[in-house]
$ cat coords04.txt   # compact mmCIF, C-alpha atoms
# COMPACT_ATOMS: atom_id res chain seq x y z
CA MET A 1 54.12 -74.99 -44.70
CA VAL A 2 56.54 -72.32 -43.45
CA ASP A 3 58.82 -70.78 -46.05
CA PRO A 4 62.39 -71.27 -44.68
CA ALA A 5 63.57 -68.08 -46.35
CA ARG A 6 60.71 -66.14 -44.77
CA SER A 7 61.43 -67.72 -41.41
CA ASP A 8 65.10 -66.73 -41.61
CA TRP A 9 64.10 -63.18 -42.56
CA SER A 10 61.76 -62.97 -39.58
CA SER A 11 64.56 -64.11 -37.30
CA MET A 12 66.87 -61.47 -38.70
CA GLU A 13 64.22 -58.78 -38.26
CA SER A 14 63.59 -59.74 -34.63
CA ALA A 15 67.33 -59.85 -33.86
CA ARG A 16 68.08 -56.52 -35.48
CA PRO A 17 66.65 -54.23 -32.78
CA SER A 18 68.55 -56.24 -30.18
CA LEU A 19 71.84 -55.76 -32.02
CA VAL A 20 71.23 -52.02 -32.37
CA GLY A 21 70.35 -51.82 -28.69
CA GLU A 22 73.55 -53.64 -27.76
CA ALA A 23 75.62 -51.33 -29.96
CA TYR A 24 73.89 -48.28 -28.50
CA ALA A 25 74.50 -49.40 -24.92
CA ALA A 26 78.12 -50.37 -25.59
CA LEU A 27 79.02 -47.12 -27.34
CA LYS A 28 77.20 -44.97 -24.79
CA THR A 29 79.05 -46.72 -21.98
CA ALA A 30 82.37 -46.15 -23.77
CA ILE A 31 81.56 -42.45 -24.15
CA ARG A 32 80.33 -42.09 -20.56
CA ASN A 33 83.50 -43.69 -19.22
CA THR A 34 85.69 -41.72 -21.68
CA ALA A 35 87.06 -44.75 -23.54
CA PHE A 36 86.05 -42.52 -26.46
CA PRO A 37 87.08 -39.15 -24.98
CA PRO A 38 85.42 -35.80 -25.76
CA GLY A 39 86.65 -34.28 -28.99
CA TYR A 40 87.76 -37.67 -30.34
CA GLN A 41 87.01 -38.14 -34.03
CA CYS A 42 86.96 -41.48 -35.81
CA SER A 43 85.18 -43.50 -38.46
CA GLU A 44 82.16 -45.74 -37.93
CA GLN A 45 84.35 -48.68 -38.92
CA GLU A 46 86.88 -47.87 -36.20
CA ILE A 47 84.12 -47.69 -33.61
CA ALA A 48 82.71 -51.02 -34.80
CA VAL A 49 86.15 -52.67 -34.60
CA ARG A 50 86.83 -51.32 -31.10
CA LEU A 51 83.44 -52.49 -29.89
CA GLY A 52 83.83 -55.86 -31.62
CA MET A 53 80.56 -55.39 -33.49
CA SER A 54 79.42 -55.19 -37.10
CA ARG A 55 79.07 -51.81 -38.74
CA THR A 56 75.30 -51.78 -39.44
CA PRO A 57 74.03 -51.78 -35.82
CA VAL A 58 76.86 -49.39 -34.88
CA HIS A 59 75.70 -46.99 -37.62
CA GLU A 60 72.14 -46.99 -36.25
CA ALA A 61 73.41 -46.64 -32.69
CA ILE A 62 75.41 -43.56 -33.72
CA ILE A 63 72.25 -41.98 -35.16
CA ARG A 64 70.49 -42.50 -31.81
CA LEU A 65 73.46 -41.12 -29.88
CA GLN A 66 73.49 -38.05 -32.12
CA GLU A 67 69.87 -37.44 -31.09
CA ASP A 68 71.04 -37.75 -27.47
CA GLY A 69 73.67 -35.06 -28.07
CA LEU A 70 76.61 -37.35 -27.29
CA VAL A 71 78.06 -37.58 -30.82
CA ARG A 72 77.92 -35.60 -34.05
CA VAL A 73 78.14 -37.18 -37.49
CA LEU A 74 80.48 -35.19 -39.72
CA PRO A 75 79.73 -35.80 -43.43
CA LYS A 76 82.69 -37.60 -45.02
CA ARG A 77 84.78 -37.04 -41.88
CA GLY A 78 83.41 -39.63 -39.48
CA VAL A 79 81.99 -39.26 -36.00
CA LEU A 80 82.89 -36.67 -33.36
CA ILE A 81 82.45 -37.36 -29.65
CA CYS A 82 80.83 -34.11 -28.59
CA PRO A 83 82.91 -32.10 -26.13
CA LEU A 84 81.21 -30.11 -23.39
CA ALA A 85 82.23 -26.52 -22.69
CA PRO A 86 81.98 -25.10 -19.15
CA GLU A 87 78.73 -23.37 -20.13
CA ASP A 88 77.34 -26.73 -21.28
CA ILE A 89 78.13 -28.18 -17.85
CA ARG A 90 76.32 -25.30 -16.18
CA GLU A 91 73.25 -25.90 -18.36
CA ILE A 92 73.35 -29.63 -17.59
CA TYR A 93 73.34 -28.95 -13.87
CA ASP A 94 70.55 -26.38 -14.27
CA VAL A 95 68.42 -29.15 -15.81
CA LEU A 96 69.35 -31.63 -13.07
CA ILE A 97 68.57 -29.01 -10.41
CA ALA A 98 65.09 -28.75 -11.90
CA ILE A 99 64.45 -32.46 -12.49
CA GLU A 100 65.83 -34.27 -9.44
CA PRO A 101 63.96 -32.24 -6.78
CA MET A 102 60.73 -32.96 -8.66
CA ALA A 103 61.62 -36.66 -8.74
CA ALA A 104 62.34 -36.64 -5.00
CA GLU A 105 58.99 -34.90 -4.40
CA LEU A 106 57.14 -37.53 -6.44
CA LEU A 107 58.87 -40.30 -4.49
CA ALA A 108 57.94 -38.68 -1.17
CA VAL A 109 54.19 -38.75 -1.99
CA MET A 110 54.18 -42.48 -2.80
CA SER A 111 52.74 -45.04 -0.41
CA PRO A 112 54.88 -46.00 2.61
CA THR A 113 55.57 -49.42 1.07
CA ALA A 114 56.72 -47.92 -2.22
CA ARG A 115 58.86 -45.32 -0.42
CA GLN A 116 60.54 -48.01 1.62
CA ALA A 117 61.34 -50.08 -1.49
CA VAL A 118 62.91 -47.09 -3.25
CA ALA A 119 64.82 -46.08 -0.11
CA LEU A 120 66.37 -49.56 0.07
CA GLU A 121 67.59 -49.27 -3.52
CA LEU A 122 68.97 -45.79 -2.97
CA GLU A 123 70.71 -46.84 0.24
CA ALA A 124 72.26 -49.83 -1.55
CA ALA A 125 73.85 -47.45 -4.08
CA ASN A 126 74.93 -45.20 -1.24
CA GLY A 127 76.49 -48.13 0.60
CA GLU A 128 78.47 -48.97 -2.51
CA MET A 129 79.78 -45.40 -2.51
CA ASP A 130 80.96 -45.80 1.08
CA VAL A 131 82.74 -49.05 0.26
CA ALA A 132 84.40 -47.47 -2.78
CA LEU A 133 85.68 -44.51 -0.78
CA ARG A 134 87.10 -46.75 1.95
CA GLY A 135 89.03 -48.54 -0.81
CA ASP A 136 90.03 -45.24 -2.43
CA ASP A 137 88.34 -46.43 -5.65
CA LEU A 138 87.02 -43.21 -7.16
CA LYS A 139 85.83 -44.82 -10.37
CA ARG A 140 83.70 -47.31 -8.45
CA TRP A 141 82.42 -44.42 -6.30
CA ALA A 142 81.44 -42.49 -9.44
CA GLU A 143 79.52 -45.46 -10.84
CA ALA A 144 77.62 -45.90 -7.56
CA ASP A 145 76.91 -42.15 -7.36
CA ASP A 146 75.58 -42.26 -10.92
CA ARG A 147 73.38 -45.22 -10.00
CA PHE A 148 71.92 -43.30 -7.03
CA HIS A 149 70.92 -40.35 -9.20
CA ARG A 150 69.48 -42.57 -11.93
CA LEU A 151 67.39 -44.49 -9.41
CA LEU A 152 66.12 -41.24 -7.93
CA VAL A 153 64.57 -40.29 -11.27
CA GLU A 154 63.76 -43.74 -12.68
CA ARG A 155 61.69 -44.76 -9.64
CA CYS A 156 59.63 -41.56 -9.43
CA GLY A 157 56.93 -42.91 -11.76
CA ASN A 158 57.14 -40.16 -14.39
CA GLY A 159 58.42 -41.62 -17.65
CA ARG A 160 58.74 -38.28 -19.40
CA LEU A 161 60.82 -36.87 -16.57
CA CYS A 162 63.05 -39.92 -16.82
CA ARG A 163 63.54 -39.52 -20.57
CA VAL A 164 64.42 -35.84 -20.22
CA ALA A 165 66.93 -36.68 -17.48
CA GLN A 166 68.67 -39.50 -19.33
CA THR A 167 70.87 -37.48 -21.68
CA VAL A 168 71.97 -34.87 -19.16
CA THR A 169 72.67 -37.60 -16.61
CA ASP A 170 74.97 -39.32 -19.11
CA GLN A 171 76.75 -36.03 -19.75
CA ALA A 172 77.04 -35.24 -16.03
CA HIS A 173 78.57 -38.68 -15.45
CA ARG A 174 81.19 -38.02 -18.13
CA ALA A 175 82.09 -34.73 -16.45
CA ARG A 176 82.25 -36.55 -13.11
CA ILE A 177 84.66 -39.18 -14.50
CA LEU A 178 86.93 -36.61 -16.17
CA THR A 179 87.23 -34.45 -13.05
CA LEU A 180 87.41 -37.18 -10.39
CA LYS A 181 91.04 -36.61 -9.47
CA LEU A 182 90.78 -32.83 -9.68
CA ARG A 183 87.97 -32.37 -7.18
CA ALA A 184 88.03 -32.54 -3.40
CA PHE A 185 87.68 -36.03 -1.96
CA PRO A 186 83.89 -36.67 -2.08
CA SER A 187 83.52 -37.58 1.59
CA ASN A 188 80.26 -35.66 2.10
CA SER A 189 78.31 -36.90 -0.90
CA ALA A 190 76.88 -40.04 0.71
CA ALA A 191 75.76 -38.05 3.78
CA SER A 192 73.95 -35.61 1.49
CA HIS A 193 72.28 -38.55 -0.26
CA ARG A 194 71.11 -39.93 3.09
CA GLN A 195 69.28 -36.69 3.81
CA ILE A 196 67.37 -37.18 0.56
CA ILE A 197 66.64 -40.82 1.40
CA ALA A 198 65.43 -39.98 4.91
CA ALA A 199 63.09 -37.28 3.61
CA ILE A 200 61.63 -39.65 1.01
CA LEU A 201 61.21 -42.41 3.60
CA ASP A 202 59.42 -40.00 5.97
CA GLY A 203 57.17 -38.72 3.19
CA ASP A 204 58.43 -35.18 3.79
CA VAL A 205 57.80 -33.64 0.38
CA GLN A 206 59.35 -30.23 1.05
CA LEU A 207 62.50 -31.61 2.66
CA ALA A 208 62.96 -34.22 -0.09
CA ARG A 209 62.71 -31.53 -2.74
CA GLU A 210 65.03 -29.11 -0.97
CA ALA A 211 67.63 -31.77 -0.07
CA ALA A 212 67.83 -32.96 -3.68
CA ARG A 213 68.06 -29.38 -4.94
CA TYR A 214 70.77 -28.36 -2.47
CA HIS A 215 72.82 -31.47 -3.31
CA ARG A 216 72.95 -30.70 -7.03
CA ILE A 217 73.54 -26.97 -6.48
CA SER A 218 76.51 -27.81 -4.26
CA ALA A 219 77.96 -30.11 -6.92
CA ARG A 220 77.55 -27.45 -9.60
CA ASP A 221 79.09 -24.74 -7.46
CA GLU A 222 82.12 -26.94 -6.83
CA LEU A 223 82.63 -28.15 -10.39
CA ILE A 224 82.13 -25.02 -12.50
CA PRO A 225 84.71 -22.84 -10.69
CA LEU A 226 87.16 -25.77 -10.77
CA ILE A 227 86.81 -26.09 -14.54
CA HIS A 228 87.50 -22.37 -14.97
CA GLN A 229 90.35 -22.43 -12.46
CA ILE A 230 92.30 -25.15 -14.24
CA GLY A 231 91.48 -23.71 -17.65
CA LEU A 232 89.64 -26.64 -19.19
CA LYS A 233 88.16 -25.61 -22.53
CA HIS A 234 86.00 -28.70 -22.85
CA ILE A 235 85.16 -31.94 -21.08
$ encode --input "coords04.txt" --output "structure tokens"
Amino acid sequence: MVDPARSDWSSMESARPSLVGEAYAALKTAIRNTAFPPGYQCSEQEIAVRLGMSRTPVHEAIIRLQEDGLVRVLPKRGVLICPLAPEDIREIYDVLIAIEPMAAELLAVMSPTARQAVALELEAANGEMDVALRGDDLKRWAEADDRFHRLLVERCGNGRLCRVAQTVTDQAHRARILTLKLRAFPSNSAASHRQIIAAILDGDVQLAREAARYHRISARDELIPLIHQIGLKHI
């Protein structure tokens, strides 16, 4: 005979990771999209209320996000959404410049069938960028651009590379969102992406690597001077 109390406990235990995962995803999304802006400080309870969740999974989610470098827990003072200085942005792009060309190279050596499947996913994200720009919807463009870069790494078959990329990709997206209306209209980004897609589809390892590298270098060299020019101390 099954002990009802034990059964209830087992249900709670199995649900708990799911609740923490939901809280983690919800809070990370809020940080990425600047609903909780950089430099913002608040209590765990306030975060839980704003997310419409209970405090326990939010507490555990905050611990995970601190490991990701997105928040910092301040003893007796709450939680700080970590701001990024211009030098932090440079370091983030340095990491992306190293990771994404390797991912593109790994994609380019896959079988023709696998390359075609990835290319279709990447082109779908790129198409969404085009649609967003025609509608002058920069936020939608930024989300599609983020999806392209995530797919580029997630589909390369190297789990460790993907895990290393995750945090800096989140931070790069936040910088993208906060500077959307300050940067030049991103009319060339989709064309640059298509060069990467074409190289992957053709199995051209060197061109895939170089196209991905050039794309991220160009983004860095546009963003960093802009941040200094307008005098932003943190993002």
$ closest_atom_pairs --input "coords04.txt" --of "stretch 81-187 of chain A" --to "stretch 222-235 of chain A" --cutoff "10 Å" --atoms "all atoms listed in the file" --output "CSV"
residue,atom,partner,partner_atom,distance
A:Cys82,CA,A:Ile235,CA,8.9
A:Pro83,CA,A:Ile235,CA,5.5
A:Leu84,CA,A:Ile235,CA,4.9
A:Ala85,CA,A:His234,CA,4.4
A:Pro86,CA,A:His234,CA,6.5
A:Glu87,CA,A:Ile224,CA,8.5
A:Asp88,CA,A:His234,CA,9.0
A:Ile89,CA,A:Ile224,CA,7.4
A:Arg90,CA,A:Ile224,CA,6.9
A:Tyr93,CA,A:Ile224,CA,9.7
A:Gln171,CA,A:Ile235,CA,9.4
A:Arg174,CA,A:Ile235,CA,7.8
A:Ala175,CA,A:Ile235,CA,6.2
A:Arg176,CA,A:Leu223,CA,8.8
A:Ile177,CA,A:Ile235,CA,9.8
A:Leu178,CA,A:Ile235,CA,7.0
A:Thr179,CA,A:Leu223,CA,8.2
A:Leu182,CA,A:Leu226,CA,8.0
A:Arg183,CA,A:Leu223,CA,7.5
A:Ala184,CA,A:Glu222,CA,8.8
$ closest_residue --input "coords04.txt" --among "A:Ile92, A:Leu151, A:Ala125, A:Cys42" --to "A:Val73" --atoms "all atoms listed in the file"
A:Cys42
$ residues_around --input "coords04.txt" --residues "A:Gly157" --least-positions-apart "3" --cutoff "9 Å" --atoms "only C-alpha atoms" --output "PyMOL selection string"
chain A and resi 103+106-107+153-154+161-162
$ closest_residue --input "coords04.txt" --among "A:Glu67, A:Glu91, A:Asp130, A:Asp146" --to "A:Ile217" --atoms "only C-alpha atoms"
A:Glu91
$ closest_residue --input "coords04.txt" --among "A:Val109, A:Ala98, A:Ala211, A:Leu180" --to "A:Arg140" --atoms "all atoms listed in the file"
A:Leu180
$ closest_residue --input "coords04.txt" --among "A:Ala108, A:Leu207, A:Ala30, A:Ala172" --to "A:Ile47" --atoms "only C-alpha atoms"
A:Ala30
$ atom_distance --input "coords04.txt" --atom1 "atom CA of A:Met110" --atom2 "atom CA of A:Asn158"
12.2 Å
$ atom_distance --input "coords04.txt" --atom1 "atom CA of A:Tyr214" --atom2 "atom CA of A:Leu122"
17.5 Å
$ atom_distance --input "coords04.txt" --atom1 "atom CA of A:Arg155" --atom2 "atom CA of A:Ala61"
25.9 Å
$ residues_around --input "coords04.txt" --residues "A:His215" --least-positions-apart "3" --cutoff "8 Å" --atoms "all atoms listed in the file" --output "mmCIF file with C-alpha atoms, keeping the file's coordinate frame"
data_model
loop_
_atom_site.group_PDB
_atom_site.id
_atom_site.type_symbol
_atom_site.label_atom_id
_atom_site.label_comp_id
_atom_site.auth_asym_id
_atom_site.auth_seq_id
_atom_site.Cartn_x
_atom_site.Cartn_y
_atom_site.Cartn_z
ATOM 1 C CA SER A 192 73.950 -35.610 1.490
ATOM 2 C CA HIS A 193 72.280 -38.550 -0.260
ATOM 3 C CA ALA A 211 67.630 -31.770 -0.070
ATOM 4 C CA ALA A 212 67.830 -32.960 -3.680
ATOM 5 C CA SER A 218 76.510 -27.810 -4.260
ATOM 6 C CA ALA A 219 77.960 -30.110 -6.920
#
$ decode --input "coords04.txt" --residues "stretch 182-199 of chain A" --atoms "N, CA and C atoms" --output "PDB file, in the first residue's frame"
ATOM      1  N   LEU A 182      20.129  53.597 -30.383  1.00  0.00           N
ATOM      2  CA  LEU A 182      21.311  54.450 -30.466  1.00  0.00           C
ATOM      3  C   LEU A 182      22.199  54.085 -31.646  1.00  0.00           C
ATOM      4  N   ARG A 183      22.063  52.861 -32.115  1.00  0.00           N
ATOM      5  CA  ARG A 183      22.934  52.369 -33.183  1.00  0.00           C
ATOM      6  C   ARG A 183      22.347  52.669 -34.559  1.00  0.00           C
ATOM      7  N   ALA A 184      23.179  52.541 -35.572  1.00  0.00           N
ATOM      8  CA  ALA A 184      22.707  52.694 -36.946  1.00  0.00           C
ATOM      9  C   ALA A 184      21.670  51.614 -37.250  1.00  0.00           C
ATOM     10  N   PHE A 185      20.745  51.936 -38.143  1.00  0.00           N
ATOM     11  CA  PHE A 185      19.714  50.972 -38.521  1.00  0.00           C
ATOM     12  C   PHE A 185      20.387  49.701 -39.032  1.00  0.00           C
ATOM     13  N   PRO A 186      20.041  48.526 -38.451  1.00  0.00           N
ATOM     14  CA  PRO A 186      20.804  47.293 -38.742  1.00  0.00           C
ATOM     15  C   PRO A 186      20.420  46.648 -40.067  1.00  0.00           C
ATOM     16  N   SER A 187      20.561  47.386 -41.149  1.00  0.00           N
ATOM     17  CA  SER A 187      20.114  46.894 -42.456  1.00  0.00           C
ATOM     18  C   SER A 187      21.049  45.844 -43.045  1.00  0.00           C
ATOM     19  N   ASN A 188      22.296  45.794 -42.594  1.00  0.00           N
ATOM     20  CA  ASN A 188      23.270  44.870 -43.193  1.00  0.00           C
ATOM     21  C   ASN A 188      23.434  43.562 -42.429  1.00  0.00           C
ATOM     22  N   SER A 189      22.805  43.471 -41.262  1.00  0.00           N
ATOM     23  CA  SER A 189      23.045  42.312 -40.407  1.00  0.00           C
ATOM     24  C   SER A 189      22.563  41.014 -41.050  1.00  0.00           C
ATOM     25  N   ALA A 190      21.373  41.023 -41.627  1.00  0.00           N
ATOM     26  CA  ALA A 190      20.841  39.799 -42.227  1.00  0.00           C
ATOM     27  C   ALA A 190      21.694  39.347 -43.404  1.00  0.00           C
ATOM     28  N   ALA A 191      22.203  40.305 -44.186  1.00  0.00           N
ATOM     29  CA  ALA A 191      23.077  39.952 -45.316  1.00  0.00           C
ATOM     30  C   ALA A 191      24.359  39.289 -44.825  1.00  0.00           C
ATOM     31  N   SER A 192      24.897  39.792 -43.723  1.00  0.00           N
ATOM     32  CA  SER A 192      26.095  39.195 -43.127  1.00  0.00           C
ATOM     33  C   SER A 192      25.800  37.780 -42.640  1.00  0.00           C
ATOM     34  N   HIS A 193      24.623  37.596 -42.061  1.00  0.00           N
ATOM     35  CA  HIS A 193      24.217  36.258 -41.613  1.00  0.00           C
ATOM     36  C   HIS A 193      24.129  35.295 -42.797  1.00  0.00           C
ATOM     37  N   ARG A 194      23.626  35.787 -43.927  1.00  0.00           N
ATOM     38  CA  ARG A 194      23.451  34.903 -45.085  1.00  0.00           C
ATOM     39  C   ARG A 194      24.793  34.431 -45.641  1.00  0.00           C
ATOM     40  N   GLN A 195      25.828  35.222 -45.472  1.00  0.00           N
ATOM     41  CA  GLN A 195      27.157  34.765 -45.867  1.00  0.00           C
ATOM     42  C   GLN A 195      27.592  33.580 -45.010  1.00  0.00           C
ATOM     43  N   ILE A 196      27.274  33.655 -43.719  1.00  0.00           N
ATOM     44  CA  ILE A 196      27.600  32.546 -42.811  1.00  0.00           C
ATOM     45  C   ILE A 196      26.800  31.307 -43.201  1.00  0.00           C
ATOM     46  N   ILE A 197      25.505  31.495 -43.450  1.00  0.00           N
ATOM     47  CA  ILE A 197      24.638  30.368 -43.817  1.00  0.00           C
ATOM     48  C   ILE A 197      25.121  29.708 -45.105  1.00  0.00           C
ATOM     49  N   ALA A 198      25.447  30.523 -46.097  1.00  0.00           N
ATOM     50  CA  ALA A 198      25.887  29.976 -47.391  1.00  0.00           C
ATOM     51  C   ALA A 198      27.167  29.166 -47.239  1.00  0.00           C
ATOM     52  N   ALA A 199      28.095  29.660 -46.424  1.00  0.00           N
ATOM     53  CA  ALA A 199      29.355  28.949 -46.223  1.00  0.00           C
ATOM     54  C   ALA A 199      29.124  27.616 -45.514  1.00  0.00           C
TER      55      ALA A 199
END
